[in-house]
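Notes follow once the structure below has been shown.
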Amino acid sequence: MIELDEVGRTFTVSRRTGVLRRERRVVHAVRDLSFTVAAGEFVGYLGPNGAGKSTTIKMLTGILTPSVGRVRVAGLDPSRRRTALARRIGVVFGQRTTLWWDLPLKDSFQLIRHLYKVDREAFHRRLDELCEVLELGAFLATPVRQLSLGQRMRGDIAAALLHDPAVLVLDEPTIGLDVVSKAAVRGFLRGLNAERGTTVLLTTHDLGDIERLCRRVMLIDHGTLAFDGTVEDLMATAPGETSIEEVVTRLYTRAAPS
Amino acid sequence: MPRIVRLYGLLAWVWVRAAAQYPVSAALLMIGSVVTTGLDVAAIFIIFRHTGSLGGFTLPEVMFLYGTAGLSFGIADLLFGNVERLGRHVRAGSLDAMLIRPASPFVQIAVERFSFQRIGRTAQAAIVLWIGLAGVSVPWQRAWMIPVMVACGVVIFAAVWTFAGAVQFLLTDAPEVANAFTYGGGQLTQYPLSVYGADLVRAVTFIVPLAFVNWQPGLFVLGRPDPIGLPHWLRFLGPVVALALAALAALAWRAGLRRYRSTGS
Ligand SMILES: Nc1ncnc2c1ncn2[C@@H]1O[C@H](COP(=O)(O)OP(=O)(O)OP(=O)(O)O)[C@@H](O)[C@H]1O
Ligand SMILES: [Mg+2]
């Protein structure tokens with residue numbers, strides 16, 4: 001469902017070093033990254049800050065064009081077939097909304113219905129379902145900018161799923177949520193994966209997400225894959241440690257591959 | 001093409017409905033545009049109280065040139081004016097949200113906050129054009145050019161905005177430079193280009209081809225010789241220039257989109 005083959009992405013950043021002098025530096029946000037995710041998997045994508053998780057997700061969704069390598073999602077090259085891919089993929093950015101700031105949630109949903117050409121009946125069925133499990137009913141008429149973070153996040157998740165995508169990628173979907181909201185979102189994602197067979201890839205800094213949701217974990221550091229396996233495999237990398245926090249801390253602080 | 005028009009109409013409708021939630025700001029926008037465009041016309045009348053002609057053109061002729069330029073600019077601004085504010089979306093990260101939708105980000109940006117309140121300028125230009133046309137006699141053999149030139153003008157302005165937007169995929173702080181070309185171009189074409197001198201006329205004919213918005217075809221409609229003696233056939237080049245510019249702008253936009261780097265967080 002998701003295939004990356006020796007993918008790299010660099011950013012050239014220039015820094016001012018004097019009045020007129022600028023120093024150009026190439027940042028390898030992602031390098032030599034290869035992995036595949038099969039249909040129906042639930043994969044956690046871990047890594048320290050600046051490891052390249054968001055950059056990877058942006059390449060999967062066609063927002064960024066990879067500098068080198070090949071990306072395939074649902075059989076399509078995301079940067080070349082961005083609009084075709086958009087119909088098959090759902091995307092949630094925890095950091096910022098993909099909804100329209102000034103529109104009430106239900107207008108945003110209507111707009112999405114038209115953008116994705118979802119037929120009316122299927123849309124209402126899906127929306128009712130999502131409203132129920134994500135408990136959106138109370139603030140459907142509220143403009144997005146007035147929603148609390150947790151409400152907005154649930155709205156964003158619903159918005160990403162209205163067109164019933166085969167793949168869902170989420171960049172820190174539980175950031176800033178209270179324990180109850182977090183549990184609700186987790187329960188929802190688990191159900192989505194189990195019942196609908198939706199492939200899910202999520203990044204997070206909350207290891208609880210990983211423990212409770214992901215069968216498979218990929219860990220990226222300095223833009224390259226440092227670990228790929230089940231949660232048990234992950235724990236086994238550090239025999240003697242019992243908590244996932246300790247294990248991951250060890251992996252993060254291990255000498256970076258150069 | 002029809003798909004894009006449908007998409008635009010659909011999104012525009014959503015924004016119009018959303019704007020209805022802020023009636024006060026809508027009214028202020030309307031008043032603002034009536035006042036500024038009113039002052040614009042007043043300036044022309046004041047000039048003509050002191051002189052009988054401007055750059056060799058009579059009052060109705062100047063009103064004709066002003067009206068056609070204003071109409072093109074107004075329609076282009078109403079439909080595509082947002083595109084030159086791309087940098088803001090890049091910085092805020094909202095472009096990422098547009099890129100995950102199965103729709104052209106160009107249309108999504110262009111239509112954002114679409115509102116009919118912005119139609120003020122277009123309406124004013126249409127009225128000025130109407131008054132101007134009443135004072136110049138244009139036979140039908142030349143009048144056909146009027147809708148053609150307005151349409152070409154819309155395309156030319158839209159293309160300039162698209163260039164301005166395309167640059168901002170890379171340089172997010174470029175809008176100030178771009179403004180010089182877009183709003184500057186809108187201001188420039190309001191008056192007969194002959195008031196600016198021959199060098200500038202050549203520049204806006206051959207470099208930034210704003211002369212094809214209303215000046216060259218306008219000379220044809222008014223049946224005037226070219227004050228700086230440029231060839232006669234230039235007057236019919238508007239559609240070619242508009243299409244070429246639109247094609248170049250589309251390429252620039254695509255190139256910019258491919259180089260888009262999003263934001264770090
Ligand atoms: N638009 C950009 N311009 C310049 N550098 C960038 C850009 N986007 C990302 N980077 C750089 O690429 C690297 C990876 O960033 P990325 O956002 O992918 O990290 P991340 O794994 O999502 O981190 P976090 O956990 O903090 O969200 C960082 O060093 C970052 O500075
Ligand atoms: Mg990130």
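So you can find residues: chains in the structure tokens are A, B, ... in the order shown, residues in each start at 1, and ligands are numbered from 1 in order.
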
Query raised in the report: Quick one: which residues from chain A are at most 9 Å off chain B, using only C-alpha atoms, as a VMD selection string?
Result: chain A and resid 11 50 54 to 55 58 61 to 65 79 82 to 87 89 to 91 93 95 to 99 102 to 104 107 111 to 112 114 to 116

Keeping C-alpha atoms, export the residues of the selection given above as a tab-separated table (two decimals), in the first residue's frame.
chain	number	residue	atom	x	y	z
A	11	PHE	CA	16.47	21.24	1.97
A	50	GLY	CA	13.77	16.66	13.52
A	54	SER	CA	6.77	14.98	8.96
A	55	THR	CA	8.92	15.24	5.86
A	58	LYS	CA	4.55	15.13	3.27
A	61	THR	CA	0.80	12.75	0.50
A	62	GLY	CA	2.36	14.52	-2.48
A	63	ILE	CA	2.94	17.83	-0.68
A	64	LEU	CA	6.69	17.52	-1.09
A	65	THR	CA	8.48	16.05	-4.08
A	79	SER	CA	3.86	14.08	-6.32
A	82	ARG	CA	-1.48	14.16	-6.26
A	83	THR	CA	-5.15	14.73	-6.97
A	84	ALA	CA	-5.82	11.09	-7.89
A	85	LEU	CA	-4.09	10.02	-4.70
A	86	ALA	CA	-6.05	12.52	-2.60
A	87	ARG	CA	-9.19	10.49	-3.21
A	89	ILE	CA	-5.76	8.79	1.19
A	90	GLY	CA	-6.81	10.58	4.34
A	91	VAL	CA	-4.40	12.97	6.03
A	93	PHE	CA	-1.91	17.01	10.73
A	95	GLN	CA	-0.24	20.53	14.48
A	96	ARG	CA	-2.61	22.43	12.28
A	97	THR	CA	-6.03	22.01	10.85
A	98	THR	CA	-6.86	21.12	7.28
A	99	LEU	CA	-10.33	22.59	7.79
A	102	ASP	CA	-13.98	30.52	9.32
A	103	LEU	CA	-16.47	27.83	8.36
A	104	PRO	CA	-18.62	25.87	10.79
A	107	ASP	CA	-19.94	23.46	6.22
A	111	LEU	CA	-17.29	21.37	1.15
A	112	ILE	CA	-15.25	18.21	1.43
A	114	HIS	CA	-18.19	18.35	-3.01
A	115	LEU	CA	-14.42	18.40	-3.39
A	116	TYR	CA	-14.23	14.62	-3.20

Please tabulate, as JSON lines, the residues of chain A that come within 12 Å of ligand 1, each with its closest pair of atoms and the distance in Å to one decimal, counting only C-alpha atoms and all ligand atoms and ordering rows by chain, then residue number upward.
{"residue": "A:Gly8", "atom": "CA", "partner": "ligand 1", "partner_atom_place_in_ligand_line": "12 (O)", "distance": 11.1}
{"residue": "A:Arg9", "atom": "CA", "partner": "ligand 1", "partner_atom_place_in_ligand_line": "12 (O)", "distance": 8.4}
{"residue": "A:Thr10", "atom": "CA", "partner": "ligand 1", "partner_atom_place_in_ligand_line": "12 (O)", "distance": 7.6}
{"residue": "A:Phe11", "atom": "CA", "partner": "ligand 1", "partner_atom_place_in_ligand_line": "4 (C)", "distance": 5.1}
{"residue": "A:Thr12", "atom": "CA", "partner": "ligand 1", "partner_atom_place_in_ligand_line": "4 (C)", "distance": 6.6}
{"residue": "A:Val13", "atom": "CA", "partner": "ligand 1", "partner_atom_place_in_ligand_line": "4 (C)", "distance": 5.8}
{"residue": "A:Ser14", "atom": "CA", "partner": "ligand 1", "partner_atom_place_in_ligand_line": "4 (C)", "distance": 9.2}
{"residue": "A:Arg15", "atom": "CA", "partner": "ligand 1", "partner_atom_place_in_ligand_line": "4 (C)", "distance": 11.0}
{"residue": "A:Arg24", "atom": "CA", "partner": "ligand 1", "partner_atom_place_in_ligand_line": "4 (C)", "distance": 11.5}
{"residue": "A:Arg25", "atom": "CA", "partner": "ligand 1", "partner_atom_place_in_ligand_line": "4 (C)", "distance": 10.0}
{"residue": "A:Val26", "atom": "CA", "partner": "ligand 1", "partner_atom_place_in_ligand_line": "5 (N)", "distance": 8.8}
{"residue": "A:Val27", "atom": "CA", "partner": "ligand 1", "partner_atom_place_in_ligand_line": "12 (O)", "distance": 6.4}
{"residue": "A:His28", "atom": "CA", "partner": "ligand 1", "partner_atom_place_in_ligand_line": "12 (O)", "distance": 6.6}
{"residue": "A:Ala29", "atom": "CA", "partner": "ligand 1", "partner_atom_place_in_ligand_line": "12 (O)", "distance": 3.8}
{"residue": "A:Val30", "atom": "CA", "partner": "ligand 1", "partner_atom_place_in_ligand_line": "14 (C)", "distance": 7.0}
{"residue": "A:Arg31", "atom": "CA", "partner": "ligand 1", "partner_atom_place_in_ligand_line": "14 (C)", "distance": 10.5}
{"residue": "A:Tyr45", "atom": "CA", "partner": "ligand 1", "partner_atom_place_in_ligand_line": "21 (O)", "distance": 9.2}
{"residue": "A:Leu46", "atom": "CA", "partner": "ligand 1", "partner_atom_place_in_ligand_line": "21 (O)", "distance": 8.0}
{"residue": "A:Gly47", "atom": "CA", "partner": "ligand 1", "partner_atom_place_in_ligand_line": "21 (O)", "distance": 6.0}
{"residue": "A:Pro48", "atom": "CA", "partner": "ligand 1", "partner_atom_place_in_ligand_line": "25 (O)", "distance": 5.5}
{"residue": "A:Asn49", "atom": "CA", "partner": "ligand 1", "partner_atom_place_in_ligand_line": "26 (O)", "distance": 3.4}
{"residue": "A:Gly50", "atom": "CA", "partner": "ligand 1", "partner_atom_place_in_ligand_line": "19 (O)", "distance": 3.4}
{"residue": "A:Ala51", "atom": "CA", "partner": "ligand 1", "partner_atom_place_in_ligand_line": "21 (O)", "distance": 3.8}
{"residue": "A:Gly52", "atom": "CA", "partner": "ligand 1", "partner_atom_place_in_ligand_line": "18 (O)", "distance": 3.1}
{"residue": "A:Lys53", "atom": "CA", "partner": "ligand 1", "partner_atom_place_in_ligand_line": "21 (O)", "distance": 3.6}
{"residue": "A:Ser54", "atom": "CA", "partner": "ligand 1", "partner_atom_place_in_ligand_line": "22 (O)", "distance": 3.6}
{"residue": "A:Thr55", "atom": "CA", "partner": "ligand 1", "partner_atom_place_in_ligand_line": "18 (O)", "distance": 3.7}
{"residue": "A:Thr56", "atom": "CA", "partner": "ligand 1", "partner_atom_place_in_ligand_line": "18 (O)", "distance": 6.4}
{"residue": "A:Ile57", "atom": "CA", "partner": "ligand 1", "partner_atom_place_in_ligand_line": "18 (O)", "distance": 8.0}
{"residue": "A:Lys58", "atom": "CA", "partner": "ligand 1", "partner_atom_place_in_ligand_line": "18 (O)", "distance": 8.4}
{"residue": "A:Met59", "atom": "CA", "partner": "ligand 1", "partner_atom_place_in_ligand_line": "18 (O)", "distance": 10.0}
{"residue": "A:Ile63", "atom": "CA", "partner": "ligand 1", "partner_atom_place_in_ligand_line": "1 (N)", "distance": 11.0}
{"residue": "A:Leu64", "atom": "CA", "partner": "ligand 1", "partner_atom_place_in_ligand_line": "1 (N)", "distance": 9.3}
{"residue": "A:Thr65", "atom": "CA", "partner": "ligand 1", "partner_atom_place_in_ligand_line": "1 (N)", "distance": 11.8}
{"residue": "A:Phe93", "atom": "CA", "partner": "ligand 1", "partner_atom_place_in_ligand_line": "27 (O)", "distance": 10.5}
{"residue": "A:Gly94", "atom": "CA", "partner": "ligand 1", "partner_atom_place_in_ligand_line": "27 (O)", "distance": 10.1}
{"residue": "A:Gln95", "atom": "CA", "partner": "ligand 1", "partner_atom_place_in_ligand_line": "27 (O)", "distance": 8.9}
{"residue": "A:Leu170", "atom": "CA", "partner": "ligand 1", "partner_atom_place_in_ligand_line": "22 (O)", "distance": 11.4}
{"residue": "A:Asp171", "atom": "CA", "partner": "ligand 1", "partner_atom_place_in_ligand_line": "22 (O)", "distance": 7.9}
{"residue": "A:Glu172", "atom": "CA", "partner": "ligand 1", "partner_atom_place_in_ligand_line": "27 (O)", "distance": 8.0}
{"residue": "A:Pro173", "atom": "CA", "partner": "ligand 1", "partner_atom_place_in_ligand_line": "27 (O)", "distance": 11.6}
{"residue": "A:Ile175", "atom": "CA", "partner": "ligand 1", "partner_atom_place_in_ligand_line": "27 (O)", "distance": 10.7}
{"residue": "A:Leu202", "atom": "CA", "partner": "ligand 1", "partner_atom_place_in_ligand_line": "22 (O)", "distance": 11.3}
{"residue": "A:Thr203", "atom": "CA", "partner": "ligand 1", "partner_atom_place_in_ligand_line": "22 (O)", "distance": 8.2}
{"residue": "A:Thr204", "atom": "CA", "partner": "ligand 1", "partner_atom_place_in_ligand_line": "25 (O)", "distance": 7.7}
{"residue": "A:His205", "atom": "CA", "partner": "ligand 1", "partner_atom_place_in_ligand_line": "25 (O)", "distance": 7.1}
{"residue": "A:Asp206", "atom": "CA", "partner": "ligand 1", "partner_atom_place_in_ligand_line": "25 (O)", "distance": 10.9}
{"residue": "A:Leu219", "atom": "CA", "partner": "ligand 1", "partner_atom_place_in_ligand_line": "21 (O)", "distance": 10.1}
{"residue": "A:Ile220", "atom": "CA", "partner": "ligand 1", "partner_atom_place_in_ligand_line": "21 (O)", "distance": 7.9}
{"residue": "A:Asp221", "atom": "CA", "partner": "ligand 1", "partner_atom_place_in_ligand_line": "21 (O)", "distance": 8.1}
{"residue": "A:His222", "atom": "CA", "partner": "ligand 1", "partner_atom_place_in_ligand_line": "14 (C)", "distance": 7.8}
{"residue": "A:Gly223", "atom": "CA", "partner": "ligand 1", "partner_atom_place_in_ligand_line": "14 (C)", "distance": 7.2}
{"residue": "A:Thr224", "atom": "CA", "partner": "ligand 1", "partner_atom_place_in_ligand_line": "21 (O)", "distance": 10.7}
{"residue": "A:Leu225", "atom": "CA", "partner": "ligand 1", "partner_atom_place_in_ligand_line": "21 (O)", "distance": 11.7}
{"residue": "A:Tyr252", "atom": "CA", "partner": "ligand 1", "partner_atom_place_in_ligand_line": "25 (O)", "distance": 11.9}

Query raised in the report: Quick one: DSSP strand (DSSP E or B) residues in region 157-208 of chain A, as number ranges by chain?
Result: A: 167-171, 199-203

Query raised in the report: Per DSSP on the backbone, what are the alpha helix (DSSP H) residues of region 4-107 of chain B, as an MDAnalysis selection string?
Result: chainID B and resid 4:19 23:50 59:80 86:92 94:99 105:107

**Report entry** Nearest to Ser53 (chain B), chosen from B:Ala12, B:Val195, B:Ala252, B:Ile109, with only C-alpha atoms counted in the distances
**Finding:** B:Val195

Requested in this report: Quick one: pull the distance between CA of Val208 (chain B) and CA of Gln141 (chain B), Å, one decimal.
Outcome: 28.9 Å

Query raised in the report: Within 9 Å of region 236-244 of chain A, counting only C-alpha atoms, which residues qualify if same-chain residues fewer than 6 places away don't, as JSON, numbers by chain?
Result: {"A": [207, 208, 211, 250, 251]}

Requested in this report: Check the smallest atom-to-atom distance from each of A:Ala194, A:Cys131, A:Cys214, A:Val92 to ligand 2 using only C-alpha atoms and all ligand atoms, then report the winner.
Outcome: A:Val92

Report summary line: One residue among B:Gly56, B:Met63, B:Ile127, B:Ala166 is nearest to Ala255 (chain B) when using only C-alpha atoms, and that residue is B:Ala166

Gly55 (chain B): which residues within 9 Å, counting only C-alpha atoms, same-chain residues fewer than 4 positions away excluded, as a short mmCIF file (atom, residue, chain, number, x, y, z; two decimals) with all heavy atoms, in the first residue's frame?
data_model
loop_
_atom_site.label_atom_id
_atom_site.label_comp_id
_atom_site.auth_asym_id
_atom_site.auth_seq_id
_atom_site.Cartn_x
_atom_site.Cartn_y
_atom_site.Cartn_z
N TYR B 191 -4.65 55.31 -17.37
CA TYR B 191 -4.52 56.53 -18.15
C TYR B 191 -3.91 56.22 -19.51
O TYR B 191 -3.28 55.19 -19.68
CB TYR B 191 -3.66 57.54 -17.38
CG TYR B 191 -4.22 57.83 -16.02
CD1 TYR B 191 -3.61 57.33 -14.88
CD2 TYR B 191 -5.40 58.56 -15.87
CE1 TYR B 191 -4.16 57.56 -13.62
CE2 TYR B 191 -5.95 58.80 -14.64
CZ TYR B 191 -5.33 58.29 -13.51
OH TYR B 191 -5.88 58.51 -12.28
N PRO B 192 -4.11 57.11 -20.47
CA PRO B 192 -3.49 56.88 -21.78
C PRO B 192 -1.98 56.74 -21.61
O PRO B 192 -1.37 57.57 -20.94
CB PRO B 192 -3.82 58.17 -22.56
CG PRO B 192 -4.97 58.78 -21.85
CD PRO B 192 -4.88 58.36 -20.42
N LEU B 193 -1.39 55.69 -22.15
CA LEU B 193 0.03 55.47 -21.92
C LEU B 193 0.88 56.60 -22.47
O LEU B 193 2.01 56.78 -22.06
CB LEU B 193 0.46 54.13 -22.56
CG LEU B 193 -0.07 52.87 -21.88
CD1 LEU B 193 0.54 51.63 -22.51
CD2 LEU B 193 0.22 52.89 -20.38
N SER B 194 0.31 57.40 -23.41
CA SER B 194 1.09 58.47 -24.00
C SER B 194 1.51 59.51 -22.97
O SER B 194 2.45 60.27 -23.21
CB SER B 194 0.29 59.13 -25.13
OG SER B 194 -1.02 59.41 -24.69
N VAL B 195 0.86 59.54 -21.80
CA VAL B 195 1.29 60.52 -20.80
C VAL B 195 2.62 60.12 -20.15
O VAL B 195 3.26 60.93 -19.52
CB VAL B 195 0.23 60.75 -19.67
CG1 VAL B 195 -1.11 61.13 -20.25
CG2 VAL B 195 0.12 59.53 -18.78
N TYR B 196 3.02 58.87 -20.30
CA TYR B 196 4.21 58.42 -19.58
C TYR B 196 5.52 58.55 -20.37
O TYR B 196 6.59 58.35 -19.83
CB TYR B 196 4.06 56.96 -19.17
CG TYR B 196 2.90 56.68 -18.28
CD1 TYR B 196 1.80 55.96 -18.73
CD2 TYR B 196 2.88 57.15 -16.97
CE1 TYR B 196 0.72 55.71 -17.91
CE2 TYR B 196 1.81 56.91 -16.14
CZ TYR B 196 0.73 56.18 -16.61
OH TYR B 196 -0.33 55.93 -15.80
#

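If you look at CA of Thr199 (chain A) and CA of Val73 (chain A), they are 11.0 Å away from each other.
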
Report task. Determine, counting only C-alpha atoms, which protein, DNA and RNA residues have an atom within 6 Å of an atom of Val144 (chain A); residues of the same chain fewer than 3 positions away are not included. Present the result as a list in words. Result ->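 The residues that qualify are Trp101, Pro104, Leu105 and Leu147 of chain A.
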
Write the residues of the selection above to a file with N, CA, C and O atoms, as a PDB file, in the first residue's frame.
ATOM      1  N   TRP A 101     -10.861  27.640   8.543  1.00  0.00           N
ATOM      2  CA  TRP A 101     -10.883  28.369   9.797  1.00  0.00           C
ATOM      3  C   TRP A 101     -12.202  29.065  10.099  1.00  0.00           C
ATOM      4  O   TRP A 101     -12.693  29.047  11.217  1.00  0.00           O
ATOM      5  N   PRO A 104     -18.167  26.851   9.806  1.00  0.00           N
ATOM      6  CA  PRO A 104     -18.622  25.867  10.792  1.00  0.00           C
ATOM      7  C   PRO A 104     -18.219  24.470  10.325  1.00  0.00           C
ATOM      8  O   PRO A 104     -18.105  24.223   9.125  1.00  0.00           O
ATOM      9  N   LEU A 105     -18.017  23.601  11.298  1.00  0.00           N
ATOM     10  CA  LEU A 105     -17.568  22.252  10.988  1.00  0.00           C
ATOM     11  C   LEU A 105     -18.433  21.579   9.917  1.00  0.00           C
ATOM     12  O   LEU A 105     -17.926  20.970   8.981  1.00  0.00           O
ATOM     13  N   LEU A 147     -13.236  26.168  18.019  1.00  0.00           N
ATOM     14  CA  LEU A 147     -13.190  24.842  18.637  1.00  0.00           C
ATOM     15  C   LEU A 147     -11.956  24.706  19.518  1.00  0.00           C
ATOM     16  O   LEU A 147     -10.921  25.310  19.263  1.00  0.00           O
TER      17      LEU A 147
END

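The shell of residues at most 10 Å from Arg142 (chain B), with only C-alpha atoms counted and near chain neighbours (fewer than 6 positions) removed, consists of Pro217, Gly218, Phe220, Val221, Leu222 and Gly223 of chain B.
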
Output file for the selection above: N, CA, C and O atoms, as a PDB file, in the first residue's frame:
ATOM      1  N   PRO B 217      -5.222  47.803 -28.167  1.00  0.00           N
ATOM      2  CA  PRO B 217      -6.563  47.599 -28.744  1.00  0.00           C
ATOM      3  C   PRO B 217      -7.441  48.851 -28.623  1.00  0.00           C
ATOM      4  O   PRO B 217      -8.295  49.110 -29.469  1.00  0.00           O
ATOM      5  N   GLY B 218      -7.185  49.649 -27.567  1.00  0.00           N
ATOM      6  CA  GLY B 218      -7.954  50.883 -27.395  1.00  0.00           C
ATOM      7  C   GLY B 218      -7.711  51.867 -28.530  1.00  0.00           C
ATOM      8  O   GLY B 218      -8.642  52.534 -29.002  1.00  0.00           O
ATOM      9  N   PHE B 220      -7.104  51.072 -31.490  1.00  0.00           N
ATOM     10  CA  PHE B 220      -7.893  50.559 -32.619  1.00  0.00           C
ATOM     11  C   PHE B 220      -9.354  50.972 -32.483  1.00  0.00           C
ATOM     12  O   PHE B 220      -9.963  51.506 -33.415  1.00  0.00           O
ATOM     13  N   VAL B 221      -9.913  50.760 -31.283  1.00  0.00           N
ATOM     14  CA  VAL B 221     -11.329  51.089 -31.066  1.00  0.00           C
ATOM     15  C   VAL B 221     -11.573  52.585 -31.310  1.00  0.00           C
ATOM     16  O   VAL B 221     -12.563  52.981 -31.912  1.00  0.00           O
ATOM     17  N   LEU B 222     -10.631  53.414 -30.824  1.00  0.00           N
ATOM     18  CA  LEU B 222     -10.807  54.857 -30.953  1.00  0.00           C
ATOM     19  C   LEU B 222     -10.387  55.373 -32.325  1.00  0.00           C
ATOM     20  O   LEU B 222     -10.560  56.552 -32.647  1.00  0.00           O
ATOM     21  N   GLY B 223      -9.792  54.498 -33.156  1.00  0.00           N
ATOM     22  CA  GLY B 223      -9.343  54.892 -34.474  1.00  0.00           C
ATOM     23  C   GLY B 223      -8.262  55.944 -34.446  1.00  0.00           C
ATOM     24  O   GLY B 223      -8.272  56.909 -35.208  1.00  0.00           O
TER      25      GLY B 223
END

Query - Two-atom distance - CA of Val107 (chain B), CA of Thr189 (chain B) (Å) - result: 26.3 Å

Report task. Would you kindly return, as JSON, numbers by chain, each protein, DNA or RNA residue with an atom no farther than 9 Å from any atom of Val34 (chain B), considering only C-alpha atoms and excluding same-chain residues fewer than 5 positions away? Result -> {"B": [29, 39, 120, 121, 124]}

Limited to all heavy atoms, could you put the picked residues into a file as a PDB file, in the first residue's frame?
ATOM      1  N   LEU B  29     -16.316  46.637   3.687  1.00  0.00           N
ATOM      2  CA  LEU B  29     -15.566  46.333   2.470  1.00  0.00           C
ATOM      3  C   LEU B  29     -16.188  47.055   1.283  1.00  0.00           C
ATOM      4  O   LEU B  29     -15.511  47.653   0.453  1.00  0.00           O
ATOM      5  CB  LEU B  29     -15.611  44.825   2.247  1.00  0.00           C
ATOM      6  CG  LEU B  29     -14.414  44.178   1.591  1.00  0.00           C
ATOM      7  CD1 LEU B  29     -13.268  44.156   2.568  1.00  0.00           C
ATOM      8  CD2 LEU B  29     -14.759  42.748   1.182  1.00  0.00           C
ATOM      9  N   LEU B  39     -13.004  58.239  -5.653  1.00  0.00           N
ATOM     10  CA  LEU B  39     -11.923  59.227  -5.656  1.00  0.00           C
ATOM     11  C   LEU B  39     -11.133  59.163  -6.956  1.00  0.00           C
ATOM     12  O   LEU B  39     -10.716  60.175  -7.507  1.00  0.00           O
ATOM     13  CB  LEU B  39     -10.985  58.980  -4.473  1.00  0.00           C
ATOM     14  CG  LEU B  39     -11.533  59.402  -3.112  1.00  0.00           C
ATOM     15  CD1 LEU B  39     -10.569  58.999  -2.003  1.00  0.00           C
ATOM     16  CD2 LEU B  39     -11.783  60.905  -3.077  1.00  0.00           C
ATOM     17  N   GLY B 120     -17.345  45.968  -6.401  1.00  0.00           N
ATOM     18  CA  GLY B 120     -17.479  47.433  -6.471  1.00  0.00           C
ATOM     19  C   GLY B 120     -16.642  48.071  -7.570  1.00  0.00           C
ATOM     20  O   GLY B 120     -17.130  48.851  -8.376  1.00  0.00           O
ATOM     21  N   ARG B 121     -15.388  47.693  -7.625  1.00  0.00           N
ATOM     22  CA  ARG B 121     -14.470  48.277  -8.579  1.00  0.00           C
ATOM     23  C   ARG B 121     -14.892  47.980 -10.023  1.00  0.00           C
ATOM     24  O   ARG B 121     -14.832  48.834 -10.904  1.00  0.00           O
ATOM     25  CB  ARG B 121     -13.077  47.698  -8.327  1.00  0.00           C
ATOM     26  CG  ARG B 121     -12.029  48.497  -8.985  1.00  0.00           C
ATOM     27  CD  ARG B 121     -10.714  47.793  -9.065  1.00  0.00           C
ATOM     28  NE  ARG B 121      -9.931  48.529 -10.021  1.00  0.00           N
ATOM     29  CZ  ARG B 121      -9.168  49.546  -9.693  1.00  0.00           C
ATOM     30  NH1 ARG B 121      -9.053  49.913  -8.449  1.00  0.00           N
ATOM     31  NH2 ARG B 121      -8.502  50.203 -10.623  1.00  0.00           N
ATOM     32  N   GLN B 124     -17.956  50.075 -10.924  1.00  0.00           N
ATOM     33  CA  GLN B 124     -17.582  51.468 -11.172  1.00  0.00           C
ATOM     34  C   GLN B 124     -16.929  51.610 -12.543  1.00  0.00           C
ATOM     35  O   GLN B 124     -17.244  52.516 -13.313  1.00  0.00           O
ATOM     36  CB  GLN B 124     -16.642  51.933 -10.043  1.00  0.00           C
ATOM     37  CG  GLN B 124     -16.045  53.290 -10.238  1.00  0.00           C
ATOM     38  CD  GLN B 124     -14.576  53.191 -10.652  1.00  0.00           C
ATOM     39  OE1 GLN B 124     -14.139  52.160 -11.143  1.00  0.00           O
ATOM     40  NE2 GLN B 124     -13.856  54.266 -10.468  1.00  0.00           N
TER      41      GLN B 124
END

Query - Pick from B:Ala69, B:Phe64, B:Val5, B:Val150, whichever lies nearest to Leu129 (chain B) using only C-alpha atoms - result: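 Between B:Ala69, B:Phe64, B:Val5, B:Val150, the residue approaching Leu129 (chain B) most closely is B:Phe64.
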